[in-house]
>>> print(open('entry_13.cif').read())   # mmCIF, N, CA and C atoms
data_work
loop_
_atom_site.label_atom_id
_atom_site.label_comp_id
_atom_site.auth_asym_id
_atom_site.auth_seq_id
_atom_site.Cartn_x
_atom_site.Cartn_y
_atom_site.Cartn_z
N MET A 1210 2.47 10.13 -15.61
CA MET A 1210 3.53 9.26 -15.13
C MET A 1210 3.19 8.81 -13.71
N THR A 1211 3.33 7.56 -13.47
CA THR A 1211 3.07 6.99 -12.14
C THR A 1211 4.13 7.46 -11.15
N GLU A 1212 3.67 7.88 -10.00
CA GLU A 1212 4.57 8.22 -8.90
C GLU A 1212 4.67 6.99 -8.00
N VAL A 1213 5.89 6.53 -7.73
CA VAL A 1213 6.12 5.39 -6.85
C VAL A 1213 6.78 5.92 -5.59
N ARG A 1214 6.13 5.66 -4.47
CA ARG A 1214 6.64 6.08 -3.17
C ARG A 1214 7.06 4.85 -2.37
N PHE A 1215 8.23 4.93 -1.80
CA PHE A 1215 8.73 3.88 -0.91
C PHE A 1215 8.62 4.38 0.51
N TYR A 1216 7.91 3.64 1.34
CA TYR A 1216 7.75 3.99 2.75
C TYR A 1216 8.47 2.97 3.60
N GLN A 1217 9.56 3.41 4.23
CA GLN A 1217 10.33 2.55 5.11
C GLN A 1217 9.75 2.67 6.51
N LEU A 1218 9.01 1.65 6.92
CA LEU A 1218 8.37 1.65 8.22
C LEU A 1218 9.41 1.36 9.29
N GLN A 1219 9.71 2.35 10.11
CA GLN A 1219 10.72 2.23 11.15
C GLN A 1219 10.08 2.21 12.54
N ARG A 1220 9.16 3.11 12.77
CA ARG A 1220 8.56 3.30 14.09
C ARG A 1220 7.13 2.77 14.16
N THR A 1221 6.49 2.67 13.04
CA THR A 1221 5.09 2.29 12.97
C THR A 1221 4.95 1.00 12.18
N ALA A 1222 4.15 0.09 12.68
CA ALA A 1222 3.88 -1.15 11.95
C ALA A 1222 2.94 -0.86 10.78
N LEU A 1223 2.97 -1.72 9.81
CA LEU A 1223 2.06 -1.61 8.66
C LEU A 1223 0.62 -1.49 9.14
N GLU A 1224 0.25 -2.25 10.15
CA GLU A 1224 -1.12 -2.26 10.65
C GLU A 1224 -1.57 -0.91 11.20
N ALA A 1225 -0.64 -0.07 11.59
CA ALA A 1225 -0.97 1.28 12.05
C ALA A 1225 -0.88 2.30 10.92
N ALA A 1226 0.07 2.14 10.02
CA ALA A 1226 0.28 3.11 8.94
C ALA A 1226 -0.76 2.98 7.82
N LEU A 1227 -1.07 1.76 7.44
CA LEU A 1227 -1.94 1.54 6.29
C LEU A 1227 -3.33 2.16 6.44
N PRO A 1228 -4.02 1.98 7.57
CA PRO A 1228 -5.35 2.60 7.68
C PRO A 1228 -5.32 4.12 7.51
N ARG A 1229 -4.30 4.78 8.05
CA ARG A 1229 -4.20 6.24 7.89
C ARG A 1229 -3.99 6.62 6.43
N MET A 1230 -3.12 5.87 5.75
CA MET A 1230 -2.86 6.18 4.34
C MET A 1230 -4.11 5.95 3.49
N LEU A 1231 -4.81 4.87 3.75
CA LEU A 1231 -6.04 4.59 3.00
C LEU A 1231 -7.10 5.65 3.28
N GLY A 1232 -7.17 6.11 4.52
CA GLY A 1232 -8.11 7.18 4.85
C GLY A 1232 -7.86 8.44 4.04
N LYS A 1233 -6.60 8.76 3.81
CA LYS A 1233 -6.25 9.94 3.01
C LYS A 1233 -6.65 9.75 1.55
N VAL A 1234 -6.50 8.54 1.04
CA VAL A 1234 -6.93 8.25 -0.33
C VAL A 1234 -8.43 8.48 -0.46
N LEU A 1235 -9.19 7.96 0.48
CA LEU A 1235 -10.65 8.11 0.43
C LEU A 1235 -11.07 9.56 0.60
N GLU A 1236 -10.34 10.33 1.42
CA GLU A 1236 -10.64 11.76 1.58
C GLU A 1236 -10.50 12.49 0.25
N ARG A 1237 -9.62 12.02 -0.61
CA ARG A 1237 -9.42 12.63 -1.94
C ARG A 1237 -10.48 12.18 -2.94
N GLY A 1238 -11.34 11.26 -2.52
CA GLY A 1238 -12.37 10.74 -3.42
C GLY A 1238 -11.82 9.69 -4.37
N ALA A 1239 -10.67 9.13 -4.05
CA ALA A 1239 -10.04 8.13 -4.91
C ALA A 1239 -10.28 6.72 -4.37
N ARG A 1240 -9.83 5.74 -5.15
CA ARG A 1240 -9.96 4.33 -4.78
C ARG A 1240 -8.56 3.72 -4.70
N ALA A 1241 -8.47 2.62 -3.94
CA ALA A 1241 -7.17 1.97 -3.76
C ALA A 1241 -7.30 0.45 -3.85
N VAL A 1242 -6.21 -0.15 -4.28
CA VAL A 1242 -6.01 -1.59 -4.18
C VAL A 1242 -4.85 -1.79 -3.23
N VAL A 1243 -5.02 -2.73 -2.29
CA VAL A 1243 -3.94 -3.12 -1.39
C VAL A 1243 -3.59 -4.55 -1.74
N MET A 1244 -2.36 -4.74 -2.19
CA MET A 1244 -1.90 -6.08 -2.58
C MET A 1244 -1.00 -6.62 -1.48
N ALA A 1245 -1.40 -7.76 -0.92
CA ALA A 1245 -0.66 -8.39 0.16
C ALA A 1245 -0.01 -9.69 -0.35
N GLY A 1246 0.79 -10.29 0.51
CA GLY A 1246 1.57 -11.46 0.12
C GLY A 1246 0.85 -12.79 0.10
N SER A 1247 -0.33 -12.88 0.71
CA SER A 1247 -1.05 -14.14 0.76
C SER A 1247 -2.53 -13.90 1.05
N GLU A 1248 -3.36 -14.92 0.81
CA GLU A 1248 -4.78 -14.82 1.13
C GLU A 1248 -4.98 -14.60 2.63
N GLU A 1249 -4.16 -15.28 3.43
CA GLU A 1249 -4.28 -15.15 4.88
C GLU A 1249 -3.97 -13.71 5.32
N ARG A 1250 -2.99 -13.12 4.70
CA ARG A 1250 -2.63 -11.74 5.04
C ARG A 1250 -3.74 -10.78 4.61
N VAL A 1251 -4.35 -11.04 3.45
CA VAL A 1251 -5.47 -10.22 3.00
C VAL A 1251 -6.58 -10.25 4.04
N GLU A 1252 -6.93 -11.42 4.52
CA GLU A 1252 -8.01 -11.52 5.49
C GLU A 1252 -7.63 -10.90 6.84
N ALA A 1253 -6.36 -10.97 7.22
CA ALA A 1253 -5.92 -10.31 8.44
C ALA A 1253 -6.05 -8.79 8.30
N LEU A 1254 -5.67 -8.25 7.14
CA LEU A 1254 -5.81 -6.81 6.91
C LEU A 1254 -7.28 -6.42 6.83
N ASN A 1255 -8.09 -7.28 6.23
CA ASN A 1255 -9.53 -7.04 6.15
C ASN A 1255 -10.11 -6.89 7.55
N ALA A 1256 -9.77 -7.81 8.44
CA ALA A 1256 -10.26 -7.74 9.81
C ALA A 1256 -9.71 -6.49 10.52
N LEU A 1257 -8.46 -6.19 10.30
CA LEU A 1257 -7.84 -5.00 10.91
C LEU A 1257 -8.59 -3.73 10.53
N LEU A 1258 -8.93 -3.58 9.27
CA LEU A 1258 -9.56 -2.34 8.81
C LEU A 1258 -10.96 -2.15 9.38
N TRP A 1259 -11.57 -3.21 9.88
CA TRP A 1259 -12.86 -3.07 10.57
C TRP A 1259 -12.67 -2.68 12.02
N THR A 1260 -11.50 -2.94 12.60
CA THR A 1260 -11.34 -2.79 14.05
C THR A 1260 -10.24 -1.83 14.48
N TYR A 1261 -9.49 -1.25 13.55
CA TYR A 1261 -8.32 -0.45 13.94
C TYR A 1261 -8.66 0.77 14.77
N ASP A 1262 -9.86 1.31 14.62
CA ASP A 1262 -10.27 2.50 15.37
C ASP A 1262 -11.79 2.44 15.55
N ALA A 1263 -12.22 2.37 16.79
CA ALA A 1263 -13.66 2.24 17.07
C ALA A 1263 -14.46 3.43 16.55
N GLY A 1264 -13.81 4.59 16.38
CA GLY A 1264 -14.51 5.78 15.92
C GLY A 1264 -14.40 6.04 14.43
N ALA A 1265 -13.78 5.13 13.71
CA ALA A 1265 -13.57 5.35 12.27
C ALA A 1265 -14.22 4.24 11.46
N TRP A 1266 -14.53 4.56 10.22
CA TRP A 1266 -15.06 3.56 9.31
C TRP A 1266 -14.34 3.72 7.98
N LEU A 1267 -13.72 2.65 7.53
CA LEU A 1267 -12.97 2.66 6.29
C LEU A 1267 -13.57 1.59 5.38
N PRO A 1268 -14.41 1.99 4.43
CA PRO A 1268 -15.08 1.00 3.57
C PRO A 1268 -14.06 0.25 2.71
N HIS A 1269 -14.19 -1.08 2.72
CA HIS A 1269 -13.24 -1.92 2.00
C HIS A 1269 -13.83 -3.32 1.83
N GLY A 1270 -13.15 -4.12 1.04
CA GLY A 1270 -13.57 -5.50 0.88
C GLY A 1270 -12.49 -6.33 0.20
N SER A 1271 -12.74 -7.63 0.18
CA SER A 1271 -11.84 -8.59 -0.46
C SER A 1271 -12.70 -9.58 -1.23
N VAL A 1272 -12.06 -10.56 -1.82
CA VAL A 1272 -12.80 -11.56 -2.59
C VAL A 1272 -13.85 -12.25 -1.71
N ARG A 1273 -13.56 -12.40 -0.46
CA ARG A 1273 -14.51 -13.01 0.48
C ARG A 1273 -15.79 -12.17 0.59
N ASP A 1274 -15.66 -10.85 0.47
CA ASP A 1274 -16.81 -9.95 0.57
C ASP A 1274 -17.53 -9.79 -0.76
N GLY A 1275 -16.79 -9.90 -1.86
CA GLY A 1275 -17.37 -9.74 -3.18
C GLY A 1275 -17.61 -8.29 -3.56
N ASN A 1276 -18.33 -8.10 -4.66
CA ASN A 1276 -18.69 -6.77 -5.16
C ASN A 1276 -17.48 -5.87 -5.33
N ALA A 1277 -16.44 -6.37 -5.95
CA ALA A 1277 -15.18 -5.62 -6.08
C ALA A 1277 -15.39 -4.23 -6.66
N ALA A 1278 -16.20 -4.10 -7.68
CA ALA A 1278 -16.39 -2.81 -8.35
C ALA A 1278 -16.99 -1.77 -7.42
N ARG A 1279 -17.67 -2.19 -6.36
CA ARG A 1279 -18.30 -1.26 -5.43
C ARG A 1279 -17.43 -0.92 -4.23
N GLN A 1280 -16.28 -1.57 -4.11
CA GLN A 1280 -15.42 -1.38 -2.94
C GLN A 1280 -14.42 -0.24 -3.19
N PRO A 1281 -14.43 0.81 -2.36
CA PRO A 1281 -13.45 1.90 -2.53
C PRO A 1281 -12.02 1.44 -2.27
N VAL A 1282 -11.87 0.45 -1.38
CA VAL A 1282 -10.56 -0.15 -1.10
C VAL A 1282 -10.71 -1.65 -1.32
N TRP A 1283 -9.89 -2.20 -2.19
CA TRP A 1283 -9.93 -3.64 -2.49
C TRP A 1283 -8.65 -4.28 -1.99
N LEU A 1284 -8.80 -5.30 -1.16
CA LEU A 1284 -7.68 -6.05 -0.60
C LEU A 1284 -7.53 -7.36 -1.38
N THR A 1285 -6.30 -7.65 -1.81
CA THR A 1285 -6.10 -8.82 -2.66
C THR A 1285 -4.67 -9.34 -2.54
N ASP A 1286 -4.48 -10.57 -2.96
CA ASP A 1286 -3.13 -11.10 -3.11
C ASP A 1286 -2.84 -11.35 -4.60
N LYS A 1287 -3.73 -10.85 -5.45
CA LYS A 1287 -3.59 -10.99 -6.90
C LYS A 1287 -3.22 -9.64 -7.51
N ASP A 1288 -2.60 -9.68 -8.69
CA ASP A 1288 -2.25 -8.46 -9.42
C ASP A 1288 -3.46 -8.06 -10.24
N GLU A 1289 -4.39 -7.36 -9.60
CA GLU A 1289 -5.66 -7.01 -10.22
C GLU A 1289 -6.10 -5.62 -9.77
N ASN A 1290 -7.03 -5.06 -10.53
CA ASN A 1290 -7.60 -3.76 -10.18
C ASN A 1290 -9.10 -3.78 -10.52
N PRO A 1291 -9.87 -4.58 -9.79
CA PRO A 1291 -11.28 -4.74 -10.13
C PRO A 1291 -12.18 -3.59 -9.69
N ASN A 1292 -11.65 -2.64 -8.92
CA ASN A 1292 -12.46 -1.52 -8.46
C ASN A 1292 -12.08 -0.20 -9.13
N GLY A 1293 -11.26 -0.25 -10.18
CA GLY A 1293 -10.88 0.96 -10.90
C GLY A 1293 -10.05 1.91 -10.08
N ALA A 1294 -9.19 1.38 -9.22
CA ALA A 1294 -8.37 2.20 -8.32
C ALA A 1294 -7.30 2.98 -9.07
N THR A 1295 -6.93 4.13 -8.51
CA THR A 1295 -5.82 4.92 -9.04
C THR A 1295 -4.62 4.86 -8.10
N TYR A 1296 -4.81 4.27 -6.92
CA TYR A 1296 -3.74 4.11 -5.93
C TYR A 1296 -3.52 2.61 -5.68
N LEU A 1297 -2.26 2.22 -5.63
CA LEU A 1297 -1.90 0.84 -5.32
C LEU A 1297 -0.95 0.83 -4.13
N PHE A 1298 -1.25 0.00 -3.15
CA PHE A 1298 -0.39 -0.19 -1.99
C PHE A 1298 0.15 -1.61 -2.04
N LEU A 1299 1.47 -1.73 -2.06
CA LEU A 1299 2.13 -3.04 -2.10
C LEU A 1299 2.71 -3.31 -0.72
N THR A 1300 2.33 -4.45 -0.13
CA THR A 1300 2.80 -4.83 1.20
C THR A 1300 3.41 -6.22 1.13
N ASP A 1301 4.14 -6.59 2.14
CA ASP A 1301 4.67 -7.95 2.27
C ASP A 1301 5.56 -8.36 1.09
N GLY A 1302 6.14 -7.40 0.40
CA GLY A 1302 6.99 -7.71 -0.75
C GLY A 1302 6.21 -8.07 -2.01
N ALA A 1303 4.89 -7.86 -2.00
CA ALA A 1303 4.06 -8.14 -3.18
C ALA A 1303 4.54 -7.29 -4.35
N ALA A 1304 4.45 -7.84 -5.55
CA ALA A 1304 4.91 -7.13 -6.75
C ALA A 1304 3.79 -7.09 -7.78
N SER A 1305 3.77 -6.02 -8.53
CA SER A 1305 2.76 -5.84 -9.58
C SER A 1305 3.42 -5.56 -10.91
N ALA A 1306 2.87 -6.15 -11.95
CA ALA A 1306 3.31 -5.86 -13.32
C ALA A 1306 2.51 -4.71 -13.91
N ARG A 1307 1.59 -4.13 -13.12
CA ARG A 1307 0.67 -3.10 -13.60
C ARG A 1307 0.95 -1.71 -13.03
N ILE A 1308 2.17 -1.48 -12.59
CA ILE A 1308 2.53 -0.22 -11.93
C ILE A 1308 2.09 1.00 -12.75
N GLY A 1309 2.33 0.97 -14.04
CA GLY A 1309 2.03 2.10 -14.90
C GLY A 1309 0.56 2.41 -15.06
N GLU A 1310 -0.32 1.56 -14.57
CA GLU A 1310 -1.77 1.79 -14.68
C GLU A 1310 -2.31 2.65 -13.54
N TYR A 1311 -1.47 2.96 -12.57
CA TYR A 1311 -1.91 3.71 -11.39
C TYR A 1311 -1.32 5.11 -11.38
N GLU A 1312 -2.02 6.01 -10.71
CA GLU A 1312 -1.52 7.37 -10.49
C GLU A 1312 -0.38 7.35 -9.47
N ARG A 1313 -0.59 6.56 -8.40
CA ARG A 1313 0.42 6.47 -7.35
C ARG A 1313 0.50 5.04 -6.83
N VAL A 1314 1.74 4.59 -6.64
CA VAL A 1314 2.00 3.28 -6.05
C VAL A 1314 2.82 3.51 -4.79
N SER A 1315 2.41 2.88 -3.70
CA SER A 1315 3.13 2.99 -2.43
C SER A 1315 3.66 1.63 -2.03
N GLU A 1316 4.96 1.53 -1.93
CA GLU A 1316 5.65 0.32 -1.46
C GLU A 1316 5.88 0.51 0.03
N LEU A 1317 5.25 -0.30 0.86
CA LEU A 1317 5.42 -0.21 2.31
C LEU A 1317 6.23 -1.42 2.76
N PHE A 1318 7.34 -1.16 3.43
CA PHE A 1318 8.20 -2.26 3.85
C PHE A 1318 8.78 -2.00 5.23
N ASP A 1319 9.10 -3.07 5.93
CA ASP A 1319 9.63 -3.01 7.29
C ASP A 1319 11.10 -2.60 7.24
N GLY A 1320 11.38 -1.41 7.69
CA GLY A 1320 12.74 -0.87 7.66
C GLY A 1320 13.69 -1.52 8.65
N ARG A 1321 13.15 -2.37 9.52
CA ARG A 1321 13.99 -3.07 10.50
C ARG A 1321 14.35 -4.49 10.01
N ASP A 1322 13.82 -4.87 8.87
CA ASP A 1322 14.06 -6.20 8.31
C ASP A 1322 15.03 -6.04 7.13
N GLU A 1323 16.26 -6.53 7.30
CA GLU A 1323 17.29 -6.36 6.26
C GLU A 1323 16.87 -6.96 4.92
N GLY A 1324 16.17 -8.09 4.95
CA GLY A 1324 15.70 -8.70 3.72
C GLY A 1324 14.69 -7.83 3.00
N ALA A 1325 13.77 -7.23 3.76
CA ALA A 1325 12.76 -6.35 3.18
C ALA A 1325 13.41 -5.09 2.60
N VAL A 1326 14.41 -4.56 3.29
CA VAL A 1326 15.12 -3.37 2.80
C VAL A 1326 15.87 -3.70 1.52
N ALA A 1327 16.55 -4.84 1.48
CA ALA A 1327 17.29 -5.24 0.27
C ALA A 1327 16.34 -5.44 -0.91
N ALA A 1328 15.20 -6.06 -0.66
CA ALA A 1328 14.22 -6.27 -1.73
C ALA A 1328 13.67 -4.93 -2.23
N ALA A 1329 13.44 -4.00 -1.32
CA ALA A 1329 12.95 -2.67 -1.71
C ALA A 1329 13.99 -1.95 -2.57
N ARG A 1330 15.26 -2.10 -2.23
CA ARG A 1330 16.32 -1.47 -3.03
C ARG A 1330 16.31 -2.03 -4.46
N GLU A 1331 16.09 -3.32 -4.60
CA GLU A 1331 16.05 -3.93 -5.94
C GLU A 1331 14.84 -3.42 -6.72
N ARG A 1332 13.69 -3.31 -6.05
CA ARG A 1332 12.50 -2.78 -6.73
C ARG A 1332 12.72 -1.32 -7.14
N TRP A 1333 13.41 -0.55 -6.28
CA TRP A 1333 13.74 0.84 -6.61
C TRP A 1333 14.52 0.89 -7.93
N LYS A 1334 15.55 0.05 -8.04
CA LYS A 1334 16.37 0.02 -9.25
C LYS A 1334 15.54 -0.33 -10.47
N THR A 1335 14.65 -1.29 -10.32
CA THR A 1335 13.79 -1.71 -11.44
C THR A 1335 12.88 -0.58 -11.87
N TYR A 1336 12.24 0.08 -10.91
CA TYR A 1336 11.34 1.19 -11.23
C TYR A 1336 12.10 2.36 -11.84
N LYS A 1337 13.28 2.63 -11.32
CA LYS A 1337 14.08 3.74 -11.85
C LYS A 1337 14.46 3.47 -13.30
N ALA A 1338 14.87 2.25 -13.58
CA ALA A 1338 15.23 1.87 -14.95
C ALA A 1338 14.03 1.98 -15.89
N ALA A 1339 12.84 1.78 -15.36
CA ALA A 1339 11.62 1.87 -16.18
C ALA A 1339 11.15 3.31 -16.33
N GLY A 1340 11.80 4.26 -15.63
CA GLY A 1340 11.48 5.67 -15.79
C GLY A 1340 10.38 6.22 -14.90
N PHE A 1341 10.00 5.49 -13.86
CA PHE A 1341 8.97 5.99 -12.96
C PHE A 1341 9.51 7.10 -12.08
N ASP A 1342 8.61 7.98 -11.62
CA ASP A 1342 8.93 9.07 -10.70
C ASP A 1342 8.99 8.47 -9.30
N LEU A 1343 10.17 8.46 -8.67
CA LEU A 1343 10.38 7.80 -7.39
C LEU A 1343 10.61 8.78 -6.25
N THR A 1344 10.04 8.47 -5.08
CA THR A 1344 10.35 9.20 -3.86
C THR A 1344 10.51 8.18 -2.74
N TYR A 1345 11.31 8.56 -1.77
CA TYR A 1345 11.60 7.70 -0.63
C TYR A 1345 11.19 8.44 0.63
N TRP A 1346 10.42 7.79 1.48
CA TRP A 1346 9.91 8.38 2.71
C TRP A 1346 10.36 7.53 3.88
N GLN A 1347 10.92 8.20 4.90
CA GLN A 1347 11.39 7.50 6.08
C GLN A 1347 10.76 8.14 7.30
N GLN A 1348 10.50 7.34 8.33
CA GLN A 1348 9.92 7.88 9.55
C GLN A 1348 10.98 8.52 10.42
N THR A 1349 10.61 9.66 11.00
CA THR A 1349 11.49 10.33 11.96
C THR A 1349 11.37 9.62 13.31
N ASP A 1350 12.15 10.07 14.29
CA ASP A 1350 12.09 9.49 15.62
C ASP A 1350 10.70 9.61 16.24
N LYS A 1351 9.95 10.62 15.82
CA LYS A 1351 8.60 10.82 16.37
C LYS A 1351 7.52 10.15 15.53
N GLY A 1352 7.92 9.47 14.45
CA GLY A 1352 6.96 8.73 13.64
C GLY A 1352 6.40 9.48 12.44
N ALA A 1353 6.76 10.76 12.27
CA ALA A 1353 6.29 11.53 11.12
C ALA A 1353 7.05 11.07 9.87
N TRP A 1354 6.44 11.26 8.71
CA TRP A 1354 7.10 10.89 7.45
C TRP A 1354 7.92 12.05 6.93
N GLU A 1355 9.13 11.76 6.50
CA GLU A 1355 10.04 12.76 5.96
C GLU A 1355 10.51 12.28 4.59
N ARG A 1356 10.34 13.14 3.59
CA ARG A 1356 10.77 12.79 2.24
C ARG A 1356 12.29 12.86 2.17
N LYS A 1357 12.89 11.79 1.67
CA LYS A 1357 14.34 11.71 1.60
C LYS A 1357 14.87 11.79 0.16
N GLY A 1358 14.05 11.47 -0.78
CA GLY A 1358 14.55 11.49 -2.16
C GLY A 1358 13.46 11.57 -3.15
#
>>> encode(input="entry_13.cif", output="structure tokens")
Amino acid sequence: MTEVRFYQLQRTALEAALPRMLGKVLERGARAVVMAGSEERVEALNALLWTYDAGAWLPHGSVRDGNAARQPVWLTDKDENPNGATYLFLTDGAASARIGEYERVSELFDGRDEGAVAAARERWKTYKAAGFDLTYWQQTDKGAWERKG
């Protein structure tokens, strides 16, 4: 059964949280797809993952880089899984019809944006009705993640 995690970003921007989460996926020897809201956003995330930490290297690629099957992290604005990923990260309100094909899906949304929170609540209802295993994670005042549900 797919586990769907909702991450309400309160203290940390997506650009800071996503590289850490992807690093943990790679530490497990797994692969990930990151689905963003547009091609421009994909390329912005692609650039970010090369520069977020001068001492770190997070192998990844997008359609611009090619070789999807060889990329441990694939960045896309399409509902696809060309690298055989078991983890899916949904950003910018992106939606996938392939949720059940992954071991874990992470919905990352801006907890300070009322529209993003409302959209996340609707996706929660949809996933719950479909029988997925759901958890909700919120940032504490110090930025740590705390499981709420």
>>> closest_residue(input="entry_13.cif", among="A:Thr1300, A:Asn1255, A:Thr1295, A:Thr1221", to="Asp1274 in chain A", atoms="only C-alpha atoms")
A:Asn1255
>>> atom_distance(input="entry_13.cif", atom1="atom N of Pro1268 in chain A", atom2="CA of Arg1237 in chain A")
13.4 Å
>>> closest_residue(input="entry_13.cif", among="A:Arg1313, A:Arg1273, A:Arg1307, A:Lys1287", to="Met1244 in chain A", atoms="only N, CA and C atoms")
A:Lys1287
>>> residues_around(input="entry_13.cif", residues="Ser1247 in chain A", least_positions_apart="6", cutoff="9 Å", atoms="only C-alpha atoms", output="MDAnalysis selection string")
chainID A and resid 1285:1287 1301 1303
>>> resolve_selection(input="entry_13.cif", expression="the PyMOL selection byres (((chain A and resi 1329-1342 and name CA) around 12) and name CA)", output="PyMOL selection string")
chain A and resi 1210-1218+1299-1320+1322-1328+1343-1345+1358
>>> atom_distance(input="entry_13.cif", atom1="CA of His1269 in chain A", atom2="atom C of Val1243 in chain A")
10.7 Å
>>> resolve_selection(input="entry_13.cif", expression="the PyMOL selection byres ((chain A and resi 1347) around 6)", output="list in words")
Tyr1216, Gln1217, Tyr1345, Trp1346, Gln1348, Thr1349, Ala1353, Trp1354, Glu1355, Arg1356 and Lys1357 of chain A
>>> resolve_selection(input="entry_13.cif", expression="the PyMOL selection byres ((chain A and resi 1290) around 8)", output="ChimeraX atom specification")
/A:1241-1242,1277-1278,1287-1289,1291-1294
